[in-house]
Amino acid sequence: MRICVFCGSSPGRIPAYADAATGLGRLFAERRIGLVYGGATVGTMGVLADATLAAGGTVYGVIPTQLVDREIAHPGLTELYEVTTMHQRKARMEELADGFIALPGGAGTLEELFEVWTWAQLGLHDKPIGLLDVAGFYSRMTPLLDHMVAEGFLREEYRDALQIDTDPVVLLEKMAAVRPPGPKWSGAAASSVPDGREPEPTGPGEP
Ligand code: AMP
């Protein structure tokens, strides 16, 4: 079992964020859950990877070539996959993982979370998604999600498909128990996630 964690390329203002990353990394190692993440040494990403490795865990990193120097690719991972684009990074992380957890982070973290969540709504995967609510970070986002439901932009079952908890052990339990709501557009679900490449053209005479 492998879980992909989205988290910050910055450490955040208070030590609680790094502490949560450390705790999650240790929990993964203890539970024999492989960590999939962005492959960097910076921010809470680096803290998470170091904690997992130090506790004897397995870590898979996926980093675009252009960020190898900027986010400083982690030299000590079990496996580091270098990809060409940000889109390939997300697609590769999705392929490698059986579920996703978002720790607090910035625009990149939310972009990755929201993309993987929209893929679930479209039926591109049915893997659980959890938000680790450190220092009230994600409980600030839930009122907006409730507003999306109230305003008719989001179905309740897709909001509820996001598991949220302050305790990583409870969060993993919630993620293990969740039943995916199924795709938003019945019959329109594709079998795989987009990989950032254009599809092969289909000739006019082909079925
Ligand atoms: P941040 O939360 O902004 O500190 O970013 C966390 C991680 O998300 C960093 O590794 C960023 O490189 C990454 N990131 C930002 N935007 C994207 C994107 N569009 N696709 C994939 N990863 C991204």
# chains A, B, ... in the order shown; residues from 1 in each chain; ligands from 1
>>> residues_around(residues="stretch 22-37 of chain A", least_positions_apart="4", cutoff="6 Å", atoms="only C-alpha atoms", output="PyMOL selection string")
chain A and resi 1-5+48+51-52+55-61
>>> closest_atom_pairs(of="chain A", to="ligand 1", cutoff="6 Å", atoms="only C-alpha atoms and all ligand atoms", output="Markdown table")
| residue | atom | partner | partner_atom_place_in_ligand_line | distance |
| --- | --- | --- | --- | --- |
| A:Cys7 | CA | ligand 1 | 6 (C) | 5.5 |
| A:Gly8 | CA | ligand 1 | 4 (O) | 3.7 |
| A:Ser9 | CA | ligand 1 | 4 (O) | 3.6 |
| A:Ser10 | CA | ligand 1 | 4 (O) | 5.4 |
| A:Gly38 | CA | ligand 1 | 10 (O) | 5.3 |
| A:Met86 | CA | ligand 1 | 20 (N) | 4.3 |
| A:His87 | CA | ligand 1 | 20 (N) | 5.6 |
| A:Arg89 | CA | ligand 1 | 21 (C) | 5.9 |
| A:Lys90 | CA | ligand 1 | 21 (C) | 5.5 |
| A:Gly105 | CA | ligand 1 | 2 (O) | 4.1 |
| A:Gly106 | CA | ligand 1 | 2 (O) | 3.3 |
| A:Ala107 | CA | ligand 1 | 3 (O) | 4.2 |
| A:Gly108 | CA | ligand 1 | 15 (C) | 3.2 |
| A:Thr109 | CA | ligand 1 | 2 (O) | 3.8 |
| A:Glu112 | CA | ligand 1 | 21 (C) | 5.9 |
>>> atom_distance(atom1="atom CA of A:Ile101", atom2="atom CA of A:Gly130")
4.6 Å
>>> atom_distance(atom1="atom CA of A:Leu172", atom2="atom CA of A:Ile72")
29.3 Å
>>> select_by_dssp(residues="stretch 3-198 of chain A", states="helix (DSSP H, G or I)", output="count of residues only")
88
>>> select_by_dssp(residues="stretch 48-109 of chain A", states="strand (DSSP E)", output="number ranges by chain")
A: 59-64, 79-83, 99-102
>>> atom_distance(atom1="atom CA of A:Gly136", atom2="atom CA of A:Ala102")
13.3 Å
>>> residues_around(residues="A:Gly12", least_positions_apart="3", cutoff="12 Å", atoms="only C-alpha atoms", output="list in words")
Cys7, Gly8, Ser9, Pro15, Ala16, Tyr17, Ala18, Asp19, Ala20, Ala21, Val42, Gly43, Thr44, Met45, Val47, Leu103, Pro104, Gly105, Gly106, Val134, Ala135 and Phe137 of chain A
>>> write_last_selection(atoms="all heavy atoms", output="tab-separated table (two decimals), in the first residue's frame")
chain	number	residue	atom	x	y	z
A	7	CYS	N	2.20	18.26	0.04
A	7	CYS	CA	2.51	19.20	1.12
A	7	CYS	C	3.42	20.30	0.61
A	7	CYS	O	3.77	20.33	-0.57
A	7	CYS	CB	3.08	18.47	2.32
A	7	CYS	SG	4.51	17.46	2.02
A	8	GLY	N	3.81	21.20	1.51
A	8	GLY	CA	4.42	22.45	1.10
A	8	GLY	C	5.89	22.38	0.72
A	8	GLY	O	6.64	21.56	1.24
A	9	SER	N	6.27	23.28	-0.17
A	9	SER	CA	7.69	23.45	-0.46
A	9	SER	C	8.28	24.47	0.53
A	9	SER	O	9.43	24.84	0.44
A	9	SER	CB	7.89	23.92	-1.91
A	9	SER	OG	7.16	25.09	-2.15
A	15	PRO	N	5.85	25.49	14.07
A	15	PRO	CA	6.45	24.15	14.04
A	15	PRO	C	5.42	23.02	13.91
A	15	PRO	O	5.80	21.90	13.53
A	15	PRO	CB	7.18	24.04	15.39
A	15	PRO	CG	7.24	25.41	15.94
A	15	PRO	CD	6.18	26.23	15.30
A	16	ALA	N	4.15	23.30	14.17
A	16	ALA	CA	3.12	22.25	14.11
A	16	ALA	C	3.08	21.58	12.74
A	16	ALA	O	2.79	20.39	12.63
A	16	ALA	CB	1.75	22.85	14.42
A	17	TYR	N	3.41	22.35	11.67
A	17	TYR	CA	3.33	21.77	10.32
A	17	TYR	C	4.43	20.73	10.10
A	17	TYR	O	4.18	19.63	9.59
A	17	TYR	CB	3.41	22.89	9.26
A	17	TYR	CG	2.31	23.91	9.43
A	17	TYR	CD1	2.59	25.27	9.58
A	17	TYR	CD2	0.97	23.52	9.45
A	17	TYR	CE1	1.58	26.20	9.75
A	17	TYR	CE2	-0.05	24.45	9.62
A	17	TYR	CZ	0.27	25.78	9.77
A	17	TYR	OH	-0.75	26.70	9.95
A	18	ALA	N	5.66	21.09	10.50
A	18	ALA	CA	6.76	20.13	10.38
A	18	ALA	C	6.54	18.94	11.32
A	18	ALA	O	6.83	17.79	10.97
A	18	ALA	CB	8.09	20.81	10.67
A	19	ASP	N	5.99	19.22	12.50
A	19	ASP	CA	5.73	18.14	13.45
A	19	ASP	C	4.72	17.15	12.87
A	19	ASP	O	4.87	15.93	13.03
A	19	ASP	CB	5.18	18.70	14.78
A	19	ASP	CG	6.23	19.51	15.54
A	19	ASP	OD1	7.42	19.44	15.17
A	19	ASP	OD2	5.85	20.23	16.48
A	20	ALA	N	3.71	17.68	12.20
A	20	ALA	CA	2.69	16.80	11.60
A	20	ALA	C	3.31	15.96	10.48
A	20	ALA	O	3.01	14.77	10.34
A	20	ALA	CB	1.54	17.64	11.05
A	21	ALA	N	4.20	16.58	9.69
A	21	ALA	CA	4.88	15.84	8.61
A	21	ALA	C	5.74	14.73	9.20
A	21	ALA	O	5.76	13.59	8.71
A	21	ALA	CB	5.71	16.81	7.77
A	42	VAL	N	13.00	20.41	0.13
A	42	VAL	CA	12.56	21.68	0.72
A	42	VAL	C	11.24	21.52	1.49
A	42	VAL	O	10.45	20.62	1.21
A	42	VAL	CB	12.39	22.77	-0.36
A	42	VAL	CG1	13.72	23.14	-0.99
A	42	VAL	CG2	11.40	22.33	-1.44
A	43	GLY	N	11.03	22.44	2.44
A	43	GLY	CA	9.75	22.56	3.14
A	43	GLY	C	9.31	21.31	3.88
A	43	GLY	O	10.12	20.46	4.28
A	44	THR	N	7.99	21.21	4.06
A	44	THR	CA	7.46	20.04	4.78
A	44	THR	C	7.61	18.78	3.94
A	44	THR	O	7.58	17.68	4.49
A	44	THR	CB	5.98	20.25	5.18
A	44	THR	OG1	5.25	20.72	4.06
A	44	THR	CG2	5.85	21.24	6.32
A	45	MET	N	7.81	18.93	2.63
A	45	MET	CA	8.08	17.75	1.78
A	45	MET	C	9.35	17.04	2.27
A	45	MET	O	9.37	15.82	2.43
A	45	MET	CB	8.26	18.15	0.32
A	45	MET	CG	6.99	18.53	-0.37
A	45	MET	SD	7.18	18.54	-2.16
A	45	MET	CE	7.99	20.07	-2.43
A	47	VAL	N	10.85	17.34	5.18
A	47	VAL	CA	10.67	16.86	6.57
A	47	VAL	C	9.97	15.50	6.55
A	47	VAL	O	10.37	14.55	7.24
A	47	VAL	CB	9.85	17.88	7.40
A	47	VAL	CG1	9.52	17.33	8.77
A	47	VAL	CG2	10.60	19.20	7.50
A	103	LEU	N	-1.37	17.58	3.42
A	103	LEU	CA	-0.96	18.32	4.61
A	103	LEU	C	-1.13	19.79	4.27
A	103	LEU	O	-1.30	20.13	3.09
A	103	LEU	CB	0.51	18.02	4.92
A	103	LEU	CG	0.86	16.65	5.51
A	103	LEU	CD1	2.37	16.49	5.62
A	103	LEU	CD2	0.24	16.50	6.88
A	104	PRO	N	-1.04	20.69	5.24
A	104	PRO	CA	-1.07	22.11	4.89
A	104	PRO	C	0.01	22.46	3.88
A	104	PRO	O	1.10	21.88	3.89
A	104	PRO	CB	-0.82	22.79	6.25
A	104	PRO	CG	-1.38	21.82	7.24
A	104	PRO	CD	-1.02	20.46	6.69
A	105	GLY	N	-0.28	23.41	3.02
A	105	GLY	CA	0.68	23.84	2.01
A	105	GLY	C	0.16	25.06	1.29
A	105	GLY	O	-0.84	25.67	1.71
A	106	GLY	N	0.80	25.40	0.19
A	106	GLY	CA	0.44	26.58	-0.57
A	106	GLY	C	-0.35	26.24	-1.82
A	106	GLY	O	-1.05	25.21	-1.89
A	134	VAL	N	-4.14	20.20	10.33
A	134	VAL	CA	-3.15	20.65	11.32
A	134	VAL	C	-3.41	22.12	11.64
A	134	VAL	O	-3.50	22.95	10.73
A	134	VAL	CB	-1.71	20.51	10.74
A	134	VAL	CG1	-0.68	20.92	11.78
A	134	VAL	CG2	-1.46	19.11	10.22
A	135	ALA	N	-3.53	22.43	12.93
A	135	ALA	CA	-3.73	23.81	13.40
A	135	ALA	C	-4.91	24.50	12.68
A	135	ALA	O	-4.84	25.69	12.35
A	135	ALA	CB	-2.44	24.62	13.22
A	137	PHE	N	-5.94	24.23	9.71
A	137	PHE	CA	-5.66	24.68	8.34
A	137	PHE	C	-6.81	24.33	7.39
A	137	PHE	O	-7.32	25.20	6.67
A	137	PHE	CB	-4.36	24.02	7.85
A	137	PHE	CG	-3.88	24.56	6.53
A	137	PHE	CD1	-3.07	25.69	6.49
A	137	PHE	CD2	-4.25	23.97	5.34
A	137	PHE	CE1	-2.63	26.20	5.27
A	137	PHE	CE2	-3.81	24.48	4.12
A	137	PHE	CZ	-2.99	25.59	4.10
>>> closest_atom_pairs(of="stretch 41-157 of chain A", to="stretch 161-171 of chain A", cutoff="8 Å", atoms="only C-alpha atoms", output="CSV")
residue,atom,partner,partner_atom,distance
A:Trp117,CA,A:Leu162,CA,7.9
A:Pro128,CA,A:Ala161,CA,7.5
A:Ile129,CA,A:Leu162,CA,5.5
A:Gly130,CA,A:Gln163,CA,4.5
A:Leu131,CA,A:Ile164,CA,4.7
A:Leu132,CA,A:Asp165,CA,5.6
A:Asp133,CA,A:Thr166,CA,4.6
A:Val134,CA,A:Thr166,CA,6.0
A:Tyr138,CA,A:Ile164,CA,7.9
A:Glu157,CA,A:Ala161,CA,6.0
>>> residues_around(residues="A:Glu156", least_positions_apart="2", cutoff="12 Å", atoms="only C-alpha atoms", output="PDB file with N, CA, C and O atoms, in the first residue's frame")
ATOM      1  N   GLN A 121     -14.008  12.697  -9.086  1.00  0.00           N
ATOM      2  CA  GLN A 121     -15.379  13.043  -9.480  1.00  0.00           C
ATOM      3  C   GLN A 121     -15.686  12.605 -10.901  1.00  0.00           C
ATOM      4  O   GLN A 121     -16.813  12.285 -11.232  1.00  0.00           O
ATOM      5  N   LEU A 145     -16.243  24.795   0.743  1.00  0.00           N
ATOM      6  CA  LEU A 145     -16.805  23.594   0.116  1.00  0.00           C
ATOM      7  C   LEU A 145     -18.308  23.505   0.397  1.00  0.00           C
ATOM      8  O   LEU A 145     -19.094  23.159  -0.491  1.00  0.00           O
ATOM      9  N   ASP A 146     -18.708  23.846   1.646  1.00  0.00           N
ATOM     10  CA  ASP A 146     -20.137  23.850   1.989  1.00  0.00           C
ATOM     11  C   ASP A 146     -20.881  24.872   1.125  1.00  0.00           C
ATOM     12  O   ASP A 146     -21.998  24.626   0.676  1.00  0.00           O
ATOM     13  N   HIS A 147     -20.233  26.005   0.883  1.00  0.00           N
ATOM     14  CA  HIS A 147     -20.848  27.051   0.058  1.00  0.00           C
ATOM     15  C   HIS A 147     -21.013  26.562  -1.392  1.00  0.00           C
ATOM     16  O   HIS A 147     -22.028  26.837  -2.030  1.00  0.00           O
ATOM     17  N   MET A 148     -20.016  25.808  -1.894  1.00  0.00           N
ATOM     18  CA  MET A 148     -20.136  25.248  -3.249  1.00  0.00           C
ATOM     19  C   MET A 148     -21.348  24.322  -3.340  1.00  0.00           C
ATOM     20  O   MET A 148     -22.073  24.342  -4.328  1.00  0.00           O
ATOM     21  N   VAL A 149     -21.562  23.518  -2.282  1.00  0.00           N
ATOM     22  CA  VAL A 149     -22.722  22.614  -2.261  1.00  0.00           C
ATOM     23  C   VAL A 149     -23.997  23.449  -2.226  1.00  0.00           C
ATOM     24  O   VAL A 149     -24.916  23.246  -3.032  1.00  0.00           O
ATOM     25  N   ALA A 150     -24.040  24.439  -1.311  1.00  0.00           N
ATOM     26  CA  ALA A 150     -25.239  25.265  -1.149  1.00  0.00           C
ATOM     27  C   ALA A 150     -25.592  26.007  -2.436  1.00  0.00           C
ATOM     28  O   ALA A 150     -26.758  26.201  -2.751  1.00  0.00           O
ATOM     29  N   GLU A 151     -24.566  26.396  -3.180  1.00  0.00           N
ATOM     30  CA  GLU A 151     -24.793  27.181  -4.408  1.00  0.00           C
ATOM     31  C   GLU A 151     -24.967  26.308  -5.642  1.00  0.00           C
ATOM     32  O   GLU A 151     -25.049  26.814  -6.771  1.00  0.00           O
ATOM     33  N   GLY A 152     -24.990  24.995  -5.446  1.00  0.00           N
ATOM     34  CA  GLY A 152     -25.298  24.102  -6.560  1.00  0.00           C
ATOM     35  C   GLY A 152     -24.146  23.817  -7.504  1.00  0.00           C
ATOM     36  O   GLY A 152     -24.361  23.415  -8.651  1.00  0.00           O
ATOM     37  N   PHE A 153     -22.895  24.024  -7.028  1.00  0.00           N
ATOM     38  CA  PHE A 153     -21.742  23.744  -7.882  1.00  0.00           C
ATOM     39  C   PHE A 153     -21.072  22.415  -7.563  1.00  0.00           C
ATOM     40  O   PHE A 153     -20.212  21.964  -8.316  1.00  0.00           O
ATOM     41  N   LEU A 154     -21.423  21.829  -6.434  1.00  0.00           N
ATOM     42  CA  LEU A 154     -20.737  20.615  -5.980  1.00  0.00           C
ATOM     43  C   LEU A 154     -21.765  19.701  -5.344  1.00  0.00           C
ATOM     44  O   LEU A 154     -22.571  20.157  -4.529  1.00  0.00           O
ATOM     45  N   TYR A 158     -19.610  14.376  -3.213  1.00  0.00           N
ATOM     46  CA  TYR A 158     -18.208  14.641  -3.575  1.00  0.00           C
ATOM     47  C   TYR A 158     -17.519  15.462  -2.492  1.00  0.00           C
ATOM     48  O   TYR A 158     -16.341  15.282  -2.230  1.00  0.00           O
ATOM     49  N   ARG A 159     -18.253  16.383  -1.864  1.00  0.00           N
ATOM     50  CA  ARG A 159     -17.668  17.075  -0.709  1.00  0.00           C
ATOM     51  C   ARG A 159     -17.351  16.047   0.379  1.00  0.00           C
ATOM     52  O   ARG A 159     -16.269  16.034   0.947  1.00  0.00           O
ATOM     53  N   ASP A 160     -18.299  15.134   0.619  1.00  0.00           N
ATOM     54  CA  ASP A 160     -18.125  14.158   1.695  1.00  0.00           C
ATOM     55  C   ASP A 160     -17.077  13.098   1.348  1.00  0.00           C
ATOM     56  O   ASP A 160     -16.640  12.354   2.223  1.00  0.00           O
ATOM     57  N   ALA A 161     -16.684  13.014   0.080  1.00  0.00           N
ATOM     58  CA  ALA A 161     -15.645  12.052  -0.310  1.00  0.00           C
ATOM     59  C   ALA A 161     -14.277  12.486   0.202  1.00  0.00           C
ATOM     60  O   ALA A 161     -13.350  11.681   0.261  1.00  0.00           O
ATOM     61  N   LEU A 162     -14.148  13.753   0.562  1.00  0.00           N
ATOM     62  CA  LEU A 162     -12.892  14.226   1.168  1.00  0.00           C
ATOM     63  C   LEU A 162     -12.952  13.939   2.666  1.00  0.00           C
ATOM     64  O   LEU A 162     -13.802  14.485   3.367  1.00  0.00           O
ATOM     65  N   PRO A 181     -18.005   7.626  -4.247  1.00  0.00           N
ATOM     66  CA  PRO A 181     -19.363   7.928  -4.702  1.00  0.00           C
ATOM     67  C   PRO A 181     -19.637   7.559  -6.160  1.00  0.00           C
ATOM     68  O   PRO A 181     -20.773   7.562  -6.586  1.00  0.00           O
ATOM     69  N   LYS A 184     -19.177  11.313 -11.751  1.00  0.00           N
ATOM     70  CA  LYS A 184     -20.168  12.375 -11.898  1.00  0.00           C
ATOM     71  C   LYS A 184     -20.998  12.198 -13.175  1.00  0.00           C
ATOM     72  O   LYS A 184     -22.191  12.398 -13.180  1.00  0.00           O
TER      73      LYS A 184
END
>>> closest_residue(among="A:Leu122, A:Val178, A:Ile63, A:Ala54", to="A:Thr41", atoms="only C-alpha atoms")
A:Ile63
